[in-house]
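Okay, final-v2.cif now, which holds mmCIF, C-alpha atoms:
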data_target
#
loop_
_atom_site.group_PDB
_atom_site.id
_atom_site.type_symbol
_atom_site.label_atom_id
_atom_site.label_comp_id
_atom_site.auth_asym_id
_atom_site.auth_seq_id
_atom_site.Cartn_x
_atom_site.Cartn_y
_atom_site.Cartn_z
ATOM 1 C CA MET G 1 24.453 -7.700 -18.666
ATOM 2 C CA THR G 2 21.051 -8.256 -17.055
ATOM 3 C CA ALA G 3 17.835 -6.307 -17.668
ATOM 4 C CA THR G 4 15.490 -4.558 -15.289
ATOM 5 C CA ARG G 5 12.211 -2.653 -15.437
ATOM 6 C CA GLN G 6 11.758 1.041 -14.752
ATOM 7 C CA ILE G 7 8.781 3.395 -14.461
ATOM 8 C CA HIS G 8 9.267 6.461 -16.668
ATOM 9 C CA LEU G 9 7.371 9.720 -16.974
ATOM 10 C CA VAL G 10 6.717 10.047 -20.712
ATOM 11 C CA ARG G 11 4.641 13.260 -20.745
ATOM 12 C CA ARG G 12 3.822 16.080 -18.353
ATOM 13 C CA PRO G 13 0.418 15.608 -16.708
ATOM 14 C CA LYS G 14 -2.317 18.130 -17.416
ATOM 15 C CA GLY G 15 -4.100 18.325 -14.088
ATOM 16 C CA MET G 16 -4.658 14.907 -12.508
ATOM 17 C CA PRO G 17 -2.067 12.384 -13.732
ATOM 18 C CA VAL G 18 -3.362 9.471 -15.810
ATOM 19 C CA LEU G 19 -1.784 6.108 -16.528
ATOM 20 C CA GLU G 20 -0.859 7.197 -20.046
ATOM 21 C CA ASP G 21 1.573 9.753 -18.565
ATOM 22 C CA PHE G 22 3.808 6.857 -17.491
ATOM 23 C CA ALA G 23 5.453 3.866 -19.144
ATOM 24 C CA LEU G 24 6.935 0.574 -17.988
ATOM 25 C CA VAL G 25 10.342 0.370 -19.681
ATOM 26 C CA GLU G 26 12.940 -2.390 -19.851
ATOM 27 C CA ALA G 27 16.531 -1.212 -19.401
ATOM 28 C CA PRO G 28 19.956 -2.846 -18.949
ATOM 29 C CA VAL G 29 21.723 -3.109 -15.603
ATOM 30 C CA GLY G 30 25.495 -2.999 -15.802
ATOM 31 C CA GLU G 31 27.939 -5.058 -13.795
ATOM 32 C CA PRO G 32 28.970 -3.376 -10.516
ATOM 33 C CA ALA G 33 32.493 -2.008 -10.805
ATOM 34 C CA GLU G 34 34.962 -1.647 -7.961
ATOM 35 C CA GLY G 35 33.298 0.428 -5.214
ATOM 36 C CA GLU G 36 29.791 -0.267 -6.510
ATOM 37 C CA ILE G 37 26.793 -2.367 -5.439
ATOM 38 C CA GLU G 38 23.787 -3.872 -7.169
ATOM 39 C CA VAL G 39 20.473 -3.465 -5.361
ATOM 40 C CA GLU G 40 17.124 -5.147 -5.948
ATOM 41 C CA ALA G 41 14.010 -3.219 -4.941
ATOM 42 C CA LEU G 42 11.772 -4.644 -2.209
ATOM 43 C CA ILE G 43 9.347 -1.805 -1.400
ATOM 44 C CA MET G 44 8.760 1.536 -3.088
ATOM 45 C CA SER G 45 6.939 4.562 -1.728
ATOM 46 C CA VAL G 46 4.565 6.875 -3.575
ATOM 47 C CA ASP G 47 3.991 10.265 -1.949
ATOM 48 C CA PRO G 48 2.088 13.492 -2.649
ATOM 49 C CA TYR G 49 5.345 15.466 -3.020
ATOM 50 C CA MET G 50 6.005 13.503 -6.217
ATOM 51 C CA ARG G 51 3.176 15.277 -8.061
ATOM 52 C CA PRO G 52 4.736 18.789 -8.237
ATOM 53 C CA ARG G 53 8.001 17.219 -9.364
ATOM 54 C CA LEU G 54 6.266 15.810 -12.444
ATOM 55 C CA ASP G 55 5.918 19.415 -13.634
ATOM 56 C CA ALA G 56 9.435 20.473 -12.632
ATOM 57 C CA ASP G 57 12.575 18.427 -11.938
ATOM 58 C CA GLN G 58 11.319 14.980 -12.995
ATOM 59 C CA PRO G 59 13.062 14.306 -16.349
ATOM 60 C CA LEU G 60 10.989 12.809 -19.137
ATOM 61 C CA ASN G 61 11.849 9.271 -20.227
ATOM 62 C CA GLN G 62 13.865 8.661 -17.063
ATOM 63 C CA PRO G 63 13.069 6.590 -13.939
ATOM 64 C CA LEU G 64 10.427 8.192 -11.739
ATOM 65 C CA LEU G 65 12.058 9.933 -8.783
ATOM 66 C CA GLY G 66 11.308 8.343 -5.432
ATOM 67 C CA GLY G 67 12.569 6.398 -2.456
ATOM 68 C CA GLY G 68 12.408 2.823 -1.350
ATOM 69 C CA ILE G 69 13.929 -0.114 0.476
ATOM 70 C CA GLY G 70 16.040 -2.699 -1.297
ATOM 71 C CA ARG G 71 18.515 -5.518 -0.777
ATOM 72 C CA VAL G 72 22.161 -5.615 -1.850
ATOM 73 C CA VAL G 73 22.559 -8.600 -4.177
ATOM 74 C CA ARG G 74 26.151 -7.949 -5.253
ATOM 75 C CA SER G 75 28.762 -5.789 -3.588
ATOM 76 C CA ARG G 76 32.174 -4.533 -4.559
ATOM 77 C CA ASN G 77 32.000 -1.799 -1.906
ATOM 78 C CA PRO G 78 33.374 -2.574 1.586
ATOM 79 C CA LYS G 79 30.638 -0.464 3.209
ATOM 80 C CA PHE G 80 27.956 -2.906 2.050
ATOM 81 C CA GLN G 81 27.575 -6.648 2.421
ATOM 82 C CA GLU G 82 25.521 -8.858 0.144
ATOM 83 C CA GLY G 83 22.163 -9.325 1.822
ATOM 84 C CA ASP G 84 22.160 -5.898 3.500
ATOM 85 C CA VAL G 85 18.745 -4.231 3.517
ATOM 86 C CA VAL G 86 19.147 -0.590 2.513
ATOM 87 C CA ARG G 87 17.220 2.639 2.108
ATOM 88 C CA HIS G 88 17.691 4.427 -1.220
ATOM 89 C CA GLY G 89 16.452 7.318 -3.301
ATOM 90 C CA ALA G 90 17.349 5.754 -6.645
ATOM 91 C CA GLY G 91 13.872 6.014 -8.128
ATOM 92 C CA PHE G 92 11.511 3.468 -9.600
ATOM 93 C CA ARG G 93 13.864 0.757 -10.826
ATOM 94 C CA GLU G 94 13.585 -2.928 -9.976
ATOM 95 C CA ARG G 95 17.377 -3.222 -9.943
ATOM 96 C CA PHE G 96 20.131 -0.639 -10.083
ATOM 97 C CA VAL G 97 23.884 -0.232 -9.671
ATOM 98 C CA SER G 98 25.151 2.451 -7.303
ATOM 99 C CA ASP G 99 28.443 3.727 -5.908
ATOM 100 C CA GLY G 100 26.712 3.871 -2.526
ATOM 101 C CA ARG G 101 25.869 7.574 -2.455
ATOM 102 C CA GLY G 102 22.286 8.051 -1.323
ATOM 103 C CA VAL G 103 22.133 4.453 -0.074
ATOM 104 C CA SER G 104 22.299 3.553 3.624
ATOM 105 C CA VAL G 105 22.128 0.274 5.504
ATOM 106 C CA LEU G 106 18.857 0.003 7.408
ATOM 107 C CA LYS G 107 19.275 -0.879 11.062
ATOM 108 C CA ARG G 108 15.840 -2.268 11.751
ATOM 109 C CA ASP G 109 14.196 -3.475 14.925
ATOM 110 C CA PRO G 110 13.361 -7.184 14.462
ATOM 111 C CA GLU G 111 10.054 -6.698 16.307
ATOM 112 C CA LEU G 112 8.766 -4.245 13.702
ATOM 113 C CA PRO G 113 7.718 -4.944 10.107
ATOM 114 C CA LEU G 114 9.951 -3.673 7.335
ATOM 115 C CA THR G 115 7.162 -1.539 5.874
ATOM 116 C CA VAL G 116 7.099 0.867 8.861
ATOM 117 C CA TYR G 117 10.531 2.098 7.771
ATOM 118 C CA MET G 118 8.800 3.531 4.714
ATOM 119 C CA HIS G 119 6.373 5.630 6.764
ATOM 120 C CA ALA G 120 6.228 5.977 10.558
ATOM 121 C CA LEU G 121 9.962 5.227 10.948
ATOM 122 C CA GLY G 122 10.946 6.803 7.638
ATOM 123 C CA GLY G 123 10.778 10.193 6.000
ATOM 124 C CA THR G 124 7.038 10.372 6.540
ATOM 125 C CA GLY G 125 7.378 10.014 10.287
ATOM 126 C CA LEU G 126 10.326 12.397 10.508
ATOM 127 C CA THR G 127 8.309 14.967 8.542
ATOM 128 C CA ALA G 128 5.484 14.745 11.082
ATOM 129 C CA TYR G 129 7.863 14.740 14.073
ATOM 130 C CA GLY G 130 10.019 17.671 12.999
ATOM 131 C CA GLY G 131 7.177 19.655 11.504
ATOM 132 C CA LEU G 132 5.062 19.430 14.618
ATOM 133 C CA LEU G 133 7.695 19.648 17.361
ATOM 134 C CA GLU G 134 10.291 21.977 15.821
ATOM 135 C CA ILE G 135 8.522 24.089 13.176
ATOM 136 C CA GLY G 136 5.205 24.027 15.058
ATOM 137 C CA ALA G 137 6.964 24.381 18.429
ATOM 138 C CA LEU G 138 4.207 22.255 19.980
ATOM 139 C CA LYS G 139 3.712 22.578 23.723
ATOM 140 C CA ASP G 140 2.046 19.948 25.877
ATOM 141 C CA GLY G 141 -1.702 20.399 26.192
ATOM 142 C CA GLU G 142 -2.190 22.758 23.227
ATOM 143 C CA GLN G 143 -5.081 22.892 20.755
ATOM 144 C CA VAL G 144 -4.120 21.224 17.450
ATOM 145 C CA PHE G 145 -5.749 20.861 14.023
ATOM 146 C CA ILE G 146 -4.379 18.412 11.436
ATOM 147 C CA SER G 147 -5.643 18.361 7.839
ATOM 148 C CA THR G 148 -5.655 15.025 5.950
ATOM 149 C CA ALA G 149 -5.303 13.454 9.366
ATOM 150 C CA ALA G 150 -5.732 9.909 8.041
ATOM 151 C CA GLY G 151 -2.831 10.269 5.616
ATOM 152 C CA ALA G 152 0.655 8.935 6.172
ATOM 153 C CA VAL G 153 2.058 12.187 7.598
ATOM 154 C CA GLY G 154 -1.129 13.547 9.147
ATOM 155 C CA SER G 155 -1.935 10.411 11.112
ATOM 156 C CA VAL G 156 1.521 10.367 12.714
ATOM 157 C CA ALA G 157 1.408 14.097 13.507
ATOM 158 C CA ALA G 158 -2.046 13.720 15.070
ATOM 159 C CA GLN G 159 -0.955 10.852 17.307
ATOM 160 C CA ILE G 160 2.238 12.614 18.397
ATOM 161 C CA ALA G 161 0.062 15.559 19.443
ATOM 162 C CA LYS G 162 -2.144 13.193 21.462
ATOM 163 C CA ILE G 163 0.958 11.700 23.125
ATOM 164 C CA LYS G 164 1.876 15.262 24.116
ATOM 165 C CA GLY G 165 -1.484 15.652 25.860
ATOM 166 C CA CYS G 166 -3.025 17.939 23.259
ATOM 167 C CA TYR G 167 -6.631 18.360 22.160
ATOM 168 C CA VAL G 168 -6.538 17.213 18.538
ATOM 169 C CA VAL G 169 -8.996 17.785 15.689
ATOM 170 C CA GLY G 170 -8.489 16.162 12.304
ATOM 171 C CA SER G 171 -10.057 16.405 8.867
ATOM 172 C CA THR G 172 -10.421 13.615 6.346
ATOM 173 C CA GLY G 173 -12.563 12.682 3.358
ATOM 174 C CA SER G 174 -14.507 9.515 4.217
ATOM 175 C CA ASP G 175 -16.589 8.116 7.056
ATOM 176 C CA ASP G 176 -14.326 5.047 7.311
ATOM 177 C CA LYS G 177 -11.321 7.294 7.881
ATOM 178 C CA VAL G 178 -13.279 9.366 10.407
ATOM 179 C CA GLN G 179 -14.003 6.205 12.373
ATOM 180 C CA TRP G 180 -10.386 5.031 12.319
ATOM 181 C CA LEU G 181 -9.149 8.396 13.534
ATOM 182 C CA LYS G 182 -11.597 8.354 16.420
ATOM 183 C CA ASP G 183 -11.374 4.689 17.408
ATOM 184 C CA GLU G 184 -7.723 3.860 16.683
ATOM 185 C CA ALA G 185 -5.801 7.130 16.608
ATOM 186 C CA GLY G 186 -7.793 8.592 19.491
ATOM 187 C CA LEU G 187 -8.512 12.046 18.083
ATOM 188 C CA ASP G 188 -10.907 14.254 20.040
ATOM 189 C CA ALA G 189 -12.922 15.372 17.004
ATOM 190 C CA VAL G 190 -12.849 14.521 13.293
ATOM 191 C CA ILE G 191 -14.418 16.386 10.382
ATOM 192 C CA ASN G 192 -15.436 14.769 7.089
ATOM 193 C CA TYR G 193 -14.805 17.765 4.853
ATOM 194 C CA LYS G 194 -16.707 16.138 1.977
ATOM 195 C CA THR G 195 -19.981 15.888 3.891
ATOM 196 C CA GLN G 196 -19.710 18.704 6.461
ATOM 197 C CA PRO G 197 -19.349 22.474 5.964
ATOM 198 C CA LEU G 198 -15.671 22.788 6.815
ATOM 199 C CA ALA G 199 -15.498 26.248 8.389
ATOM 200 C CA GLU G 200 -18.589 25.735 10.536
ATOM 201 C CA ALA G 201 -17.553 22.231 11.620
ATOM 202 C CA LEU G 202 -14.047 23.410 12.511
ATOM 203 C CA ALA G 203 -15.391 26.310 14.566
ATOM 204 C CA GLU G 204 -17.640 23.914 16.475
ATOM 205 C CA ALA G 205 -14.823 21.407 17.024
ATOM 206 C CA THR G 206 -12.328 24.018 18.316
ATOM 207 C CA PRO G 207 -14.085 25.937 21.115
ATOM 208 C CA LYS G 208 -10.681 26.945 22.549
ATOM 209 C CA GLY G 209 -9.249 27.919 19.166
ATOM 210 C CA ILE G 210 -6.148 26.433 17.511
ATOM 211 C CA ASP G 211 -2.554 26.839 18.674
ATOM 212 C CA VAL G 212 -0.964 24.695 15.958
ATOM 213 C CA TYR G 213 -2.441 23.946 12.529
ATOM 214 C CA PHE G 214 -0.438 21.232 10.747
ATOM 215 C CA GLU G 215 -1.113 22.188 7.129
ATOM 216 C CA ASN G 216 -1.258 19.531 4.429
ATOM 217 C CA VAL G 217 -3.979 20.849 2.128
ATOM 218 C CA GLY G 218 -4.182 24.627 1.648
ATOM 219 C CA GLY G 219 -7.190 26.286 0.025
ATOM 220 C CA ALA G 220 -10.438 25.963 1.958
ATOM 221 C CA HIS G 221 -8.705 24.203 4.861
ATOM 222 C CA LEU G 222 -6.277 27.062 5.401
ATOM 223 C CA ASP G 223 -9.094 29.571 4.973
ATOM 224 C CA ALA G 224 -11.152 27.794 7.641
ATOM 225 C CA ALA G 225 -8.246 27.455 10.079
ATOM 226 C CA LEU G 226 -6.893 31.021 9.974
ATOM 227 C CA PRO G 227 -9.779 32.713 11.858
ATOM 228 C CA ARG G 228 -9.648 29.962 14.520
ATOM 229 C CA MET G 229 -5.943 30.452 15.298
ATOM 230 C CA ASN G 230 -5.061 31.668 18.771
ATOM 231 C CA VAL G 231 -2.701 34.594 19.268
ATOM 232 C CA ARG G 232 0.864 33.580 18.374
ATOM 233 C CA GLY G 233 -0.384 30.383 16.782
ATOM 234 C CA ARG G 234 1.888 28.437 14.439
ATOM 235 C CA ILE G 235 1.143 26.899 11.050
ATOM 236 C CA PRO G 236 3.827 24.425 9.914
ATOM 237 C CA VAL G 237 3.222 23.954 6.184
ATOM 238 C CA CYS G 238 3.916 20.382 5.148
ATOM 239 C CA GLY G 239 1.924 20.340 1.903
ATOM 240 C CA MET G 240 -0.689 22.047 -0.271
ATOM 241 C CA ILE G 241 -2.247 19.006 -1.870
ATOM 242 C CA SER G 242 -5.349 20.896 -3.024
ATOM 243 C CA THR G 243 -3.176 22.747 -5.571
ATOM 244 C CA TYR G 244 -0.973 19.938 -6.873
ATOM 245 C CA ASN G 245 -3.117 19.059 -9.886
ATOM 246 C CA GLY G 246 -3.790 22.672 -10.884
ATOM 247 C CA GLY G 247 -6.544 25.037 -9.838
ATOM 248 C CA GLY G 248 -7.290 25.061 -6.138
ATOM 249 C CA GLU G 249 -9.311 27.383 -3.934
ATOM 250 C CA GLY G 250 -8.333 30.902 -2.980
ATOM 251 C CA VAL G 251 -7.539 31.953 0.592
ATOM 252 C CA ARG G 252 -9.358 35.063 1.857
ATOM 253 C CA ASN G 253 -8.460 35.073 5.552
ATOM 254 C CA LEU G 254 -4.724 35.752 5.492
ATOM 255 C CA PHE G 255 -5.382 39.043 7.283
ATOM 256 C CA SER G 256 -5.907 36.899 10.409
ATOM 257 C CA MET G 257 -2.132 36.527 10.552
ATOM 258 C CA ILE G 258 -1.667 40.211 11.379
ATOM 259 C CA TYR G 259 -3.564 40.685 14.631
ATOM 260 C CA GLY G 260 -3.125 37.023 15.547
ATOM 261 C CA ARG G 261 0.674 37.450 15.300
ATOM 262 C CA LEU G 262 0.674 34.106 13.512
ATOM 263 C CA ARG G 263 3.743 32.336 12.138
ATOM 264 C CA MET G 264 3.454 30.167 9.009
ATOM 265 C CA GLU G 265 6.559 28.288 7.861
ATOM 266 C CA GLY G 266 7.193 25.654 5.246
ATOM 267 C CA PHE G 267 9.578 22.720 5.702
ATOM 268 C CA VAL G 268 10.736 19.399 4.254
ATOM 269 C CA ALA G 269 11.969 16.203 5.907
ATOM 270 C CA SER G 270 15.607 16.902 5.029
ATOM 271 C CA ASP G 271 15.512 19.906 7.398
ATOM 272 C CA PHE G 272 15.711 17.601 10.424
ATOM 273 C CA PRO G 273 18.902 15.471 10.408
ATOM 274 C CA HIS G 274 19.697 16.785 13.894
ATOM 275 C CA LEU G 275 16.429 15.260 15.165
ATOM 276 C CA ASN G 276 16.919 11.830 13.649
ATOM 277 C CA ALA G 277 18.402 10.032 16.686
ATOM 278 C CA ASP G 278 15.640 11.286 19.006
ATOM 279 C CA PHE G 279 13.027 10.554 16.358
ATOM 280 C CA GLN G 280 14.202 6.964 15.831
ATOM 281 C CA ALA G 281 14.229 6.289 19.582
ATOM 282 C CA ASP G 282 10.852 7.923 20.269
ATOM 283 C CA MET G 283 9.050 6.458 17.268
ATOM 284 C CA THR G 284 10.402 2.937 17.807
ATOM 285 C CA GLY G 285 9.160 3.048 21.395
ATOM 286 C CA TRP G 286 5.757 4.467 20.439
ATOM 287 C CA LEU G 287 5.231 1.846 17.735
ATOM 288 C CA LYS G 288 6.270 -1.071 19.937
ATOM 289 C CA SER G 289 4.068 0.136 22.788
ATOM 290 C CA GLY G 290 1.072 0.659 20.494
ATOM 291 C CA ARG G 291 0.879 4.403 21.152
ATOM 292 C CA ILE G 292 1.333 5.071 17.421
ATOM 293 C CA LYS G 293 -0.996 3.120 15.128
ATOM 294 C CA TYR G 294 -0.866 3.112 11.356
ATOM 295 C CA GLN G 295 -2.575 1.956 8.208
ATOM 296 C CA GLU G 296 -1.000 0.806 4.959
ATOM 297 C CA THR G 297 -2.336 0.469 1.441
ATOM 298 C CA VAL G 298 -0.014 -1.959 -0.334
ATOM 299 C CA LEU G 299 -0.246 -2.581 -4.086
ATOM 300 C CA GLU G 300 1.404 -5.778 -5.282
ATOM 301 C CA GLY G 301 3.692 -5.455 -8.285
ATOM 302 C CA PHE G 302 6.264 -2.961 -9.496
ATOM 303 C CA GLU G 303 4.179 -2.028 -12.526
ATOM 304 C CA ARG G 304 1.422 -0.629 -10.289
ATOM 305 C CA ALA G 305 3.449 2.392 -9.128
ATOM 306 C CA PRO G 306 1.603 4.883 -11.407
ATOM 307 C CA GLU G 307 -1.716 3.498 -10.183
ATOM 308 C CA GLY G 308 -0.571 4.050 -6.616
ATOM 309 C CA LEU G 309 0.509 7.641 -7.248
ATOM 310 C CA ILE G 310 -2.772 8.509 -8.950
ATOM 311 C CA GLY G 311 -4.666 6.776 -6.144
ATOM 312 C CA LEU G 312 -3.228 9.221 -3.601
ATOM 313 C CA PHE G 313 -5.107 12.079 -5.237
ATOM 314 C CA GLU G 314 -8.303 10.078 -5.538
ATOM 315 C CA GLY G 315 -8.300 9.222 -1.835
ATOM 316 C CA ARG G 316 -7.879 5.471 -2.439
ATOM 317 C CA ASN G 317 -5.208 5.060 0.233
ATOM 318 C CA LEU G 318 -5.684 4.298 3.897
ATOM 319 C CA GLY G 319 -2.524 5.639 5.493
ATOM 320 C CA LYS G 320 0.716 5.064 3.608
ATOM 321 C CA MET G 321 0.628 3.980 -0.048
ATOM 322 C CA LEU G 322 3.343 1.422 -0.818
ATOM 323 C CA ILE G 323 4.330 -0.725 -3.770
ATOM 324 C CA HIS G 324 5.464 -4.240 -2.799
ATOM 325 C CA ILE G 325 7.966 -5.697 -5.246
ATOM 326 C CA ALA G 326 9.786 -8.552 -3.526
ATOM 327 C CA ASP G 327 10.390 -10.076 -0.074
#
If you convert what's in this file into structure tokens, what do you get?
Amino acid sequence: MTATRQIHLVRRPKGMPVLEDFALVEAPVGEPAEGEIEVEALIMSVDPYMRPRLDADQPLNQPLLGGGIGRVVRSRNPKFQEGDVVRHGAGFRERFVSDGRGVSVLKRDPELPLTVYMHALGGTGLTAYGGLLEIGALKDGEQVFISTAAGAVGSVAAQIAKIKGCYVVGSTGSDDKVQWLKDEAGLDAVINYKTQPLAEALAEATPKGIDVYFENVGGAHLDAALPRMNVRGRIPVCGMISTYNGGGEGVRNLFSMIYGRLRMEGFVASDFPHLNADFQADMTGWLKSGRIKYQETVLEGFERAPEGLIGLFEGRNLGKMLIHIAD
């Protein structure tokens, strides 16, 4: 029996997670039985949605919940061949044995790097695609506001809106990210919410109002966007990152939903399996043609996963935060 390393949650965070909330643990890996496979991790993803789970369904002293890409190193399951590259949701484990449930062979385009299947061509991209086009019911040429527009989801949503001929405003928290969104992603206006008064800057940047607000933040961002929404505007709610570590700002302008006839609806990536074929075709084409650009922050080493998760809430990522484990 061989050994592997796992990242465990060992105590519930109080506010912002700290490194001491996690532990690097050695654990055995059993031999794959008939119908099972052994997978080694190649890339792991850390995402904002993981933070609320630390307070809820993430068991203590068990591998941190999360998704990644791995390689089949041993197979006793006819659906998988040794050497297959696979997606999985098996959590933060360097190696694991599985009966194949929750694991799927990745059919990748050889012209694209493997890492894009963890963001633009993965759950992150599908979240942006489905949230904007189905939940947000985006129409060509509309007025769009995206919060955390330099993040993994926000940056894809913003660029899809530009592809659809929309006027797009984004918010972000640093001048470097502002510049990238303007120069590379092609947004029409970008607000640095840390240095500019958000409500005033958003009003100035949206002279024709907002038809779709892609919500990632909540709090002051939602409060600033509500009075700018056009009649029958839509607010697809992807995240509320301002509240994930406790506290958060109140929202005073919800009354705007009444006379604006606004629709606000939450969603998750798993709502969109029916869109996956169109999403894969569209996103592959956009990436290969350069119409969708992306940034990655890649930390080297399995043990750095907690650092990566904490870094998301400190704004240390440019685009998608990934943990590189092996090639």
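Close contacts of Leu60 in chain G, defined as residues with an atom at most 9 Å away when counting all atoms listed in the file, with chain neighbours fewer than 2 positions off set aside, comprise G:His8, G:Leu9, G:Val10, G:Arg11, G:Arg12, G:Leu54, G:Gln58, G:Gln62, G:Pro63, G:Leu64.
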Spell out the residues picked by the PyMOL selection byres ((chain G and resi 7) around 9) here, as a count of residues only.
20
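Taking CA of Gly100 in chain G as the reference point, CA of Gly122 in chain G is found at 19.0 Å.
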Which protein, DNA or RNA residues are at most 10 Å from (-4.6, 11.8, 6.9) in the file's coordinates when you count all atoms listed in the file, listed as a PyMOL selection string?
chain G and resi 146-158+170-173+177-178+181+216+315+317-320
Please evaluate the PyMOL selection byres ((chain G and resi 307) around 10) against the displayed coordinates and give the resulting residues as number ranges by chain.
G: 17-19, 22, 46, 299, 303-306, 308-312, 323
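Among the candidate residues G:Cys238, G:Val39, G:Met283, G:Leu106, the one lying nearest to Ala90 in chain G is G:Val39, with distances computed using all atoms listed in the file.
Across the structure, CA of Ala120 in chain G and CA of Lys164 in chain G are spaced 17.0 Å apart.
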Could you write out as a CSV table (one decimal) with C-alpha atoms, in the frame of the given file the residues that the PyMOL selection byres ((chain G and resi 201) around 12) matches in the shown file?
chain,number,residue,atom,x,y,z
G,169,VAL,CA,-9.0,17.8,15.7
G,170,GLY,CA,-8.5,16.2,12.3
G,171,SER,CA,-10.1,16.4,8.9
G,189,ALA,CA,-12.9,15.4,17.0
G,190,VAL,CA,-12.8,14.5,13.3
G,191,ILE,CA,-14.4,16.4,10.4
G,192,ASN,CA,-15.4,14.8,7.1
G,193,TYR,CA,-14.8,17.8,4.9
G,194,LYS,CA,-16.7,16.1,2.0
G,195,THR,CA,-20.0,15.9,3.9
G,196,GLN,CA,-19.7,18.7,6.5
G,197,PRO,CA,-19.3,22.5,6.0
G,198,LEU,CA,-15.7,22.8,6.8
G,199,ALA,CA,-15.5,26.2,8.4
G,200,GLU,CA,-18.6,25.7,10.5
G,202,LEU,CA,-14.0,23.4,12.5
G,203,ALA,CA,-15.4,26.3,14.6
G,204,GLU,CA,-17.6,23.9,16.5
G,205,ALA,CA,-14.8,21.4,17.0
G,206,THR,CA,-12.3,24.0,18.3
G,207,PRO,CA,-14.1,25.9,21.1
G,221,HIS,CA,-8.7,24.2,4.9
G,224,ALA,CA,-11.2,27.8,7.6
G,225,ALA,CA,-8.2,27.5,10.1
G,228,ARG,CA,-9.6,30.0,14.5
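A straight line drawn from CA of Asp55 in chain G to CA of Gly218 in chain G is 19.0 Å long.
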Pull the closest atom pair for each residue of range 273-294 of chain G that gets at most 10 Å from range 130-134 of chain G, along with the distance in Å to one decimal, counting all atoms listed in the file, ordering rows by chain and then ascending residue number, as JSON lines.
{"residue": "G:Pro273", "atom": "CA", "partner": "G:Gly130", "partner_atom": "CA", "distance": 9.5}
{"residue": "G:His274", "atom": "CA", "partner": "G:Gly130", "partner_atom": "CA", "distance": 9.8}
{"residue": "G:Leu275", "atom": "CA", "partner": "G:Gly130", "partner_atom": "CA", "distance": 7.2}
{"residue": "G:Asn276", "atom": "CA", "partner": "G:Gly130", "partner_atom": "CA", "distance": 9.1}
{"residue": "G:Phe279", "atom": "CA", "partner": "G:Gly130", "partner_atom": "CA", "distance": 8.4}
Residues of the last selection are to be written out with C-alpha atoms, as a PDB file, in the frame of the given file.
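Final output, part_4.pdb:
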ATOM      1  CA  PRO G 273      18.902  15.471  10.408  1.00  0.00           C
ATOM      2  CA  HIS G 274      19.697  16.785  13.894  1.00  0.00           C
ATOM      3  CA  LEU G 275      16.429  15.260  15.165  1.00  0.00           C
ATOM      4  CA  ASN G 276      16.919  11.830  13.649  1.00  0.00           C
ATOM      5  CA  PHE G 279      13.027  10.554  16.358  1.00  0.00           C
TER       6      PHE G 279
END
G:Thr243, G:Ser45, G:Thr2, G:Gln143 ranked by distance to Val116 in chain G, top pick (using only C-alpha atoms)
G:Ser45
